[in-house]
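Undergrad: Below you'll find the structure I mean.
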Amino acid sequence: MTEPVPILQMRGIDKQFPGVKALDGVDFRLFPGEVHALMGENGAGKSTLIKVLTGVYDIDAGAIELEGRPVAFSGPLAAQQAGISTVYQEVNLCANLSVAENIFIGREPRRFGRLQWRVMRREAERILASLDLDLDVSASLSAYSLAVQQMVAIARAVQVDAKVLILDEPTSSLDAGEVERLFGVMRRLKEQGIAILFVSHFLDQIYEISDRMTVLRNGTLVGEYLTRDLPQVELVGKMIGRELAALESLEDRRAAAEQADAAAPLVEADGLGRPGAIEPFSLTVREGEVLGLAGLLGSGRTEVARLLFGADHAGSGTLRVGGVPVRLRTPRAAVRHKLAYCSEDRRAEGIIPELTVRENLILALQAARGWTRPIARRKQDELVERYIKALDIRPADPDRPIANLSGGNQQKVLLARWLILQPRLLILDEPTRGIDVGAKAEIQRLVVELSDGGTAVLFISAELEEVLRLSHKIAVLRDRRMVAELDNDEQLTTDALTETIASGGRS
Amino acid sequence: MSRLLGHRLFWPSAVLAALLLVNVVFTNGFLNVQMKDGHLYGSLIDIVRFGAPLILVALGMTLVIATGGIDLSVGSVVAIAGALACLRISLLGDQNSVGGVLGAIGLALALSLVLGLWNGVLVTAAGIQPIIATLILMVAGRGLAQLITDGQIITINSSPYKLIGGGYWLTLPFGIIIVAAVLALAAFLTRRLALGLLIESVGGNAKASRLAGISARGVLLTVYAFCGLCAGIAGLMISSNVSSADGNNAGLWIELDAILAVVIGGTSLAGGRFSLGGTVLGALVIQTLTTTIYSIGVPPETTLLFKALVVTIVCLLQSPAFRAKVLHGRRRRPSASARPVPEEKKASVSA
């Protein structure tokens, strides 16, 4: 097999930010018709490399060649015109416009200055058909699921004769079926000879779709590998630079399951439901128990959490906390009963981006006290210092805006925000999504510690292994209905769990 | 140096200094402050004195804007407060009775507070967008002020009331002392107590704030009520200064100057971080600008144009994108060409 010519070649890329060298002599190449995974922990330099490639940042040293010619883009638009398109994690489209408009926005076919709607619709249909998508192109984009919107974003990206397609975490909010569909689209593009740069935190997905991978660590190149030659364990080792025993060291929690059963019930939901969001369900969380919620995206996991926390109003049913019936009309009321909730959407529903780490950390406590009873500065310092140390939040600078922290560290700050209040039930909705392996292990360990200390945890995750490893009991959701509640004993495996999710517990 | 340039109060301060400098050149003895009859006199004192109502309104506006809202009704509240106070005083048997004047002031301020709360209720309970909710009172409030004054200009002759806008205390114009007191109160509520944190949290991310257990309703009601109160005090000051109440023209367009002052002071209209000091600075810039227009003799028909020009410059200077393009871009380019990267760039352009 002769080595084909790379379409894109980056050599010796350096990028310096104030106080940190983000990229240090990184080489990267991309071949036509391949899916190339860019791997590394948060802060390894993946995003910087992509931004350097697409002209968002200037490079300090090094060279970029596209099809053998040196290039330097002034910005994403210039990169796109040269054939390098990017689709980001969040769909950057206008949901209120039609599918066709979204594909062509900014470059609509015109004739004498007038839009050619018919041409636009026909072209849009053709492009979507080439990706095996059958959509009504004049329907508004908001009519489609997030996954389809993601694919429309891809259609938009390849519409301009793309040679290189960059997919930055496109799968982080898709469920399994949707991911499969996306992969189908990616394979089609591959056949068309497009080179795809793929970033994802899901190792299984990387192994399913990618041909080749480049691993970065702390801004330096670790190496480039063919995916089939590099076992997962070695990959993780290369990403974090040490043997990862952390994830394995968590002992299996199943032995503790029986013991937790004896504990007093803390939160009891009876027929709790909300029309259009989640069918009535009954659920009991006991003190010191980790209750896992498993199910696909959109199966109603978040809706359960929001009802228990009072973030949405229940349409039916009753809720008891510590045996006393309560009506939670607001999250504030839930906090008063010592419930806490970390949303899955860290950016929109978690952090206050402009505020500092300190302010974000003390926010829930201050809210509970009310603004007339400020927390003394010395007390703040003490709390902030303690939790930064306990959760290993980096950088350990309380006066830095939280927006400047990596995803994993933001997540830790949000956890600390609730831990300060010493909640009786902590609801964690996808706490480990999109964060690096190290932070993930730490958060999992924290869940175990909390549970050992008597705190109940409702743990929601799309990763079944994680749910299995941590939970005493697992409730399974499907199509906005709670279909099963399983004891996490010896017989329960990811396969069995997958089976329950797929069959809806009828088997 | 770059730290100083990057400070968000640097550019408004620089513009204020530049405006003052222009005045020093055009007006003899501009910086002189004299003591006459135990009172301080001078152009600088006048700027603060005449700017006092604007500073007050802008302080309240700052907190509202920090929550992501806006209050267009402050001008009407100014008129209503002045009208009610003057009406009550005009009905007094003895217009110089301190008790009667205090009663009138108390009533006017209480009404201002209620009007502010009304805005807050519309925003929180009814969920109306702040710009619309306060637009209601902006329009209806003028009518209410007219109703109070019966469409006339109420003129009074009350020396205790005159003190608020035109009098002196401890050598200083009384208005300046009121401003200092309100500023201290606002600073205490927001920075000493935790109101500021909650305001910035709600303004920065309302959804996340709710999930963190913050009751946005309480915060918003407090903030709109405070804004109404500030406008009410400003209304008393304005009507006291001229010893009359004009329901039509008192406080007309002051909401726009106040919003401008807040923005010049570096608080984003999108909500979040706010700066009380910046707002005071912004209000002083606007007031100094007015003084400057008189002192350098800009023809009256072009005053507004001139004002607009200066405000545009201030806003451009504050925009990081503009600064990067115009100010730094010129300086950076020659030094950068010594490095290898731009060489690559040149090569790619020719290729």
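Here, A, B, ... name the chains of the structure tokens in the order displayed, residue numbers run from 1 inside each chain, and ligands are numbered from 1 in the same displayed order.
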Would you kindly return, as a compact mmCIF listing (two decimals) with C-alpha atoms, in the first residue's frame, each protein, DNA or RNA residue with an atom no farther than 8 Å from any atom of region 294-307 of chain B, considering only C-alpha atoms and excluding same-chain residues fewer than 6 positions away?
TA:
```txt
# COMPACT_ATOMS: atom_id res chain seq x y z
CA ASN B 23 -12.42 73.87 29.89
CA PHE B 26 -11.22 78.09 27.38
CA THR B 27 -12.30 79.33 30.78
```
Undergrad: Check which residues of chain A sit at most 8 Å from chain B using only C-alpha atoms, and return one row each with the closest pair of atoms and their distance in Å to one decimal, ordered by chain and rising number, as JSON lines.
TA:
```
{"residue": "A:Ile59", "atom": "CA", "partner": "B:Val341", "partner_atom": "CA", "distance": 6.7}
{"residue": "A:Asp60", "atom": "CA", "partner": "B:Val341", "partner_atom": "CA", "distance": 5.8}
{"residue": "A:Ala61", "atom": "CA", "partner": "B:Val341", "partner_atom": "CA", "distance": 5.8}
{"residue": "A:Gly62", "atom": "CA", "partner": "B:Val341", "partner_atom": "CA", "distance": 7.7}
{"residue": "A:Ala63", "atom": "CA", "partner": "B:Glu344", "partner_atom": "CA", "distance": 7.4}
{"residue": "A:Arg69", "atom": "CA", "partner": "B:Ala351", "partner_atom": "CA", "distance": 7.6}
{"residue": "A:Pro70", "atom": "CA", "partner": "B:Ser348", "partner_atom": "CA", "distance": 5.6}
{"residue": "A:Val71", "atom": "CA", "partner": "B:Ser348", "partner_atom": "CA", "distance": 5.4}
{"residue": "A:Ala72", "atom": "CA", "partner": "B:Lys345", "partner_atom": "CA", "distance": 5.9}
{"residue": "A:Ala311", "atom": "CA", "partner": "B:Leu211", "partner_atom": "CA", "distance": 6.9}
{"residue": "A:Thr330", "atom": "CA", "partner": "B:Gly213", "partner_atom": "CA", "distance": 7.9}
{"residue": "A:Pro331", "atom": "CA", "partner": "B:Gly213", "partner_atom": "CA", "distance": 5.3}
{"residue": "A:Arg332", "atom": "CA", "partner": "B:Gly213", "partner_atom": "CA", "distance": 4.0}
{"residue": "A:Ala333", "atom": "CA", "partner": "B:Gly213", "partner_atom": "CA", "distance": 7.7}
{"residue": "A:Val335", "atom": "CA", "partner": "B:Gly213", "partner_atom": "CA", "distance": 6.3}
{"residue": "A:Tyr341", "atom": "CA", "partner": "B:Leu211", "partner_atom": "CA", "distance": 7.5}
{"residue": "A:Ala348", "atom": "CA", "partner": "B:Ala208", "partner_atom": "CA", "distance": 6.6}
{"residue": "A:Glu349", "atom": "CA", "partner": "B:Ala208", "partner_atom": "CA", "distance": 4.0}
{"residue": "A:Gly350", "atom": "CA", "partner": "B:Ala208", "partner_atom": "CA", "distance": 4.9}
{"residue": "A:Ile351", "atom": "CA", "partner": "B:Ala208", "partner_atom": "CA", "distance": 6.6}
{"residue": "A:Ile352", "atom": "CA", "partner": "B:Asn205", "partner_atom": "CA", "distance": 5.5}
{"residue": "A:Pro353", "atom": "CA", "partner": "B:Gly204", "partner_atom": "CA", "distance": 7.0}
{"residue": "A:Glu354", "atom": "CA", "partner": "B:Gly204", "partner_atom": "CA", "distance": 6.6}
{"residue": "A:Leu355", "atom": "CA", "partner": "B:Ser201", "partner_atom": "CA", "distance": 7.5}
{"residue": "A:Glu359", "atom": "CA", "partner": "B:Leu197", "partner_atom": "CA", "distance": 7.4}
{"residue": "A:Leu363", "atom": "CA", "partner": "B:Ala212", "partner_atom": "CA", "distance": 7.0}
{"residue": "A:Ala364", "atom": "CA", "partner": "B:Ala212", "partner_atom": "CA", "distance": 5.1}
{"residue": "A:Gln366", "atom": "CA", "partner": "B:Ala194", "partner_atom": "CA", "distance": 7.5}
{"residue": "A:Ala367", "atom": "CA", "partner": "B:Ile214", "partner_atom": "CA", "distance": 5.0}
{"residue": "A:Ala368", "atom": "CA", "partner": "B:Gly213", "partner_atom": "CA", "distance": 6.7}
{"residue": "A:Gly370", "atom": "CA", "partner": "B:Ala194", "partner_atom": "CA", "distance": 7.8}
{"residue": "A:Trp371", "atom": "CA", "partner": "B:Ala194", "partner_atom": "CA", "distance": 4.5}
{"residue": "A:Thr372", "atom": "CA", "partner": "B:Leu193", "partner_atom": "CA", "distance": 5.7}
{"residue": "A:Arg373", "atom": "CA", "partner": "B:Leu193", "partner_atom": "CA", "distance": 6.6}
{"residue": "A:Pro374", "atom": "CA", "partner": "B:Ala194", "partner_atom": "CA", "distance": 5.1}
{"residue": "A:Ile375", "atom": "CA", "partner": "B:Ala194", "partner_atom": "CA", "distance": 7.9}
```
Undergrad: Keeping only C-alpha atoms, write the selected residues as a PDB file, in the first residue's frame.
TA:
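Here's the written file selection-v1.pdb:
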```pdb
ATOM      1  CA  ILE A  59       0.558  30.903  14.959  1.00  0.00           C
ATOM      2  CA  ASP A  60       3.851  31.929  16.555  1.00  0.00           C
ATOM      3  CA  ALA A  61       5.928  29.453  14.576  1.00  0.00           C
ATOM      4  CA  GLY A  62       5.450  26.586  12.172  1.00  0.00           C
ATOM      5  CA  ALA A  63       3.787  26.079   8.816  1.00  0.00           C
ATOM      6  CA  ARG A  69       0.591  25.010  -0.690  1.00  0.00           C
ATOM      7  CA  PRO A  70       1.436  27.068   2.405  1.00  0.00           C
ATOM      8  CA  VAL A  71      -1.594  28.821   3.850  1.00  0.00           C
ATOM      9  CA  ALA A  72      -2.400  31.157   6.710  1.00  0.00           C
ATOM     10  CA  ALA A 311     -37.260  23.313  38.722  1.00  0.00           C
ATOM     11  CA  THR A 330     -39.131  26.573  43.032  1.00  0.00           C
ATOM     12  CA  PRO A 331     -35.555  25.312  43.256  1.00  0.00           C
ATOM     13  CA  ARG A 332     -35.258  27.667  46.205  1.00  0.00           C
ATOM     14  CA  ALA A 333     -37.810  25.593  48.086  1.00  0.00           C
ATOM     15  CA  VAL A 335     -32.655  23.939  48.504  1.00  0.00           C
ATOM     16  CA  TYR A 341     -29.063  19.778  41.551  1.00  0.00           C
ATOM     17  CA  ALA A 348     -26.504  27.590  30.254  1.00  0.00           C
ATOM     18  CA  GLU A 349     -27.721  26.384  33.643  1.00  0.00           C
ATOM     19  CA  GLY A 350     -24.647  26.114  35.817  1.00  0.00           C
ATOM     20  CA  ILE A 351     -21.950  28.714  35.751  1.00  0.00           C
ATOM     21  CA  ILE A 352     -22.348  32.479  35.878  1.00  0.00           C
ATOM     22  CA  PRO A 353     -19.583  33.096  33.343  1.00  0.00           C
ATOM     23  CA  GLU A 354     -18.639  36.655  34.261  1.00  0.00           C
ATOM     24  CA  LEU A 355     -18.328  35.981  37.954  1.00  0.00           C
ATOM     25  CA  GLU A 359     -18.458  34.079  43.592  1.00  0.00           C
ATOM     26  CA  LEU A 363     -23.518  31.518  45.213  1.00  0.00           C
ATOM     27  CA  ALA A 364     -25.887  28.830  46.475  1.00  0.00           C
ATOM     28  CA  GLN A 366     -25.426  33.188  49.679  1.00  0.00           C
ATOM     29  CA  ALA A 367     -28.735  32.603  47.924  1.00  0.00           C
ATOM     30  CA  ALA A 368     -29.897  30.422  50.797  1.00  0.00           C
ATOM     31  CA  GLY A 370     -30.468  35.918  51.358  1.00  0.00           C
ATOM     32  CA  TRP A 371     -28.645  39.083  50.408  1.00  0.00           C
ATOM     33  CA  THR A 372     -29.113  40.794  53.732  1.00  0.00           C
ATOM     34  CA  ARG A 373     -26.828  38.297  55.448  1.00  0.00           C
ATOM     35  CA  PRO A 374     -23.532  38.408  53.577  1.00  0.00           C
ATOM     36  CA  ILE A 375     -20.887  35.769  54.104  1.00  0.00           C
TER      37      ILE A 375
END
```
Undergrad: Where does DSSP see alpha helix (DSSP H) in region 52-201 of chain B, if you list the residues as a ChimeraX atom specification?
TA: /B:52-66,74-90,98-124,130-149,159-166,174-187,195-201
Undergrad: Calculate how many Å separate CA of Ala502 (chain A) from CA of Gly184 (chain A), rounding to one decimal.
TA: 20.9 Å
Undergrad: Rounded to one decimal in Å, what is the spacing between CA of Gly300 (chain A) and CA of Ser316 (chain A)?
TA: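 Answer for the CA of Gly300 (chain A) to CA of Ser316 (chain A) separation: 15.8 Å.
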Undergrad: Just how far from CA of Gly100 (chain B) is CA of Leu115 (chain B), in Å to one decimal?
TA: 22.7 Å
Undergrad: Quick check for you: according to DSSP on this backbone, which residues of region 44-218 of chain B are classed as strand (DSSP E)? Reply as a list in words.
TA: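 Of region 44-218 of chain B, only Ile153, Ile154, Thr155, Tyr168, Trp169, Leu172 and Pro173 of chain B fall in strand (DSSP E).
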Undergrad: Atoms to include: N, CA and C atoms. Write the selected residues as an mmCIF file, in the first residue's frame.
TA:
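What landed in out_36.cif:
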```
data_model
loop_
_atom_site.group_PDB
_atom_site.id
_atom_site.type_symbol
_atom_site.label_atom_id
_atom_site.label_comp_id
_atom_site.auth_asym_id
_atom_site.auth_seq_id
_atom_site.Cartn_x
_atom_site.Cartn_y
_atom_site.Cartn_z
ATOM 1 N N ILE B 153 -48.052 74.802 35.893
ATOM 2 C CA ILE B 153 -46.781 74.747 36.587
ATOM 3 C C ILE B 153 -47.017 75.270 38.001
ATOM 4 N N ILE B 154 -46.788 74.416 39.000
ATOM 5 C CA ILE B 154 -47.019 74.830 40.385
ATOM 6 C C ILE B 154 -45.771 75.551 40.888
ATOM 7 N N THR B 155 -45.940 76.757 41.299
ATOM 8 C CA THR B 155 -44.800 77.502 41.838
ATOM 9 C C THR B 155 -44.971 77.602 43.347
ATOM 10 N N TYR B 168 -27.123 74.935 50.853
ATOM 11 C CA TYR B 168 -25.791 74.487 51.252
ATOM 12 C C TYR B 168 -25.827 73.888 52.633
ATOM 13 N N TRP B 169 -24.925 72.983 52.872
ATOM 14 C CA TRP B 169 -24.792 72.427 54.220
ATOM 15 C C TRP B 169 -23.322 72.036 54.389
ATOM 16 N N LEU B 172 -20.934 72.688 51.543
ATOM 17 C CA LEU B 172 -21.173 72.048 50.246
ATOM 18 C C LEU B 172 -22.620 72.234 49.800
ATOM 19 N N PRO B 173 -22.857 72.277 48.474
ATOM 20 C CA PRO B 173 -24.234 72.251 48.000
ATOM 21 C C PRO B 173 -24.921 71.005 48.534
#
```
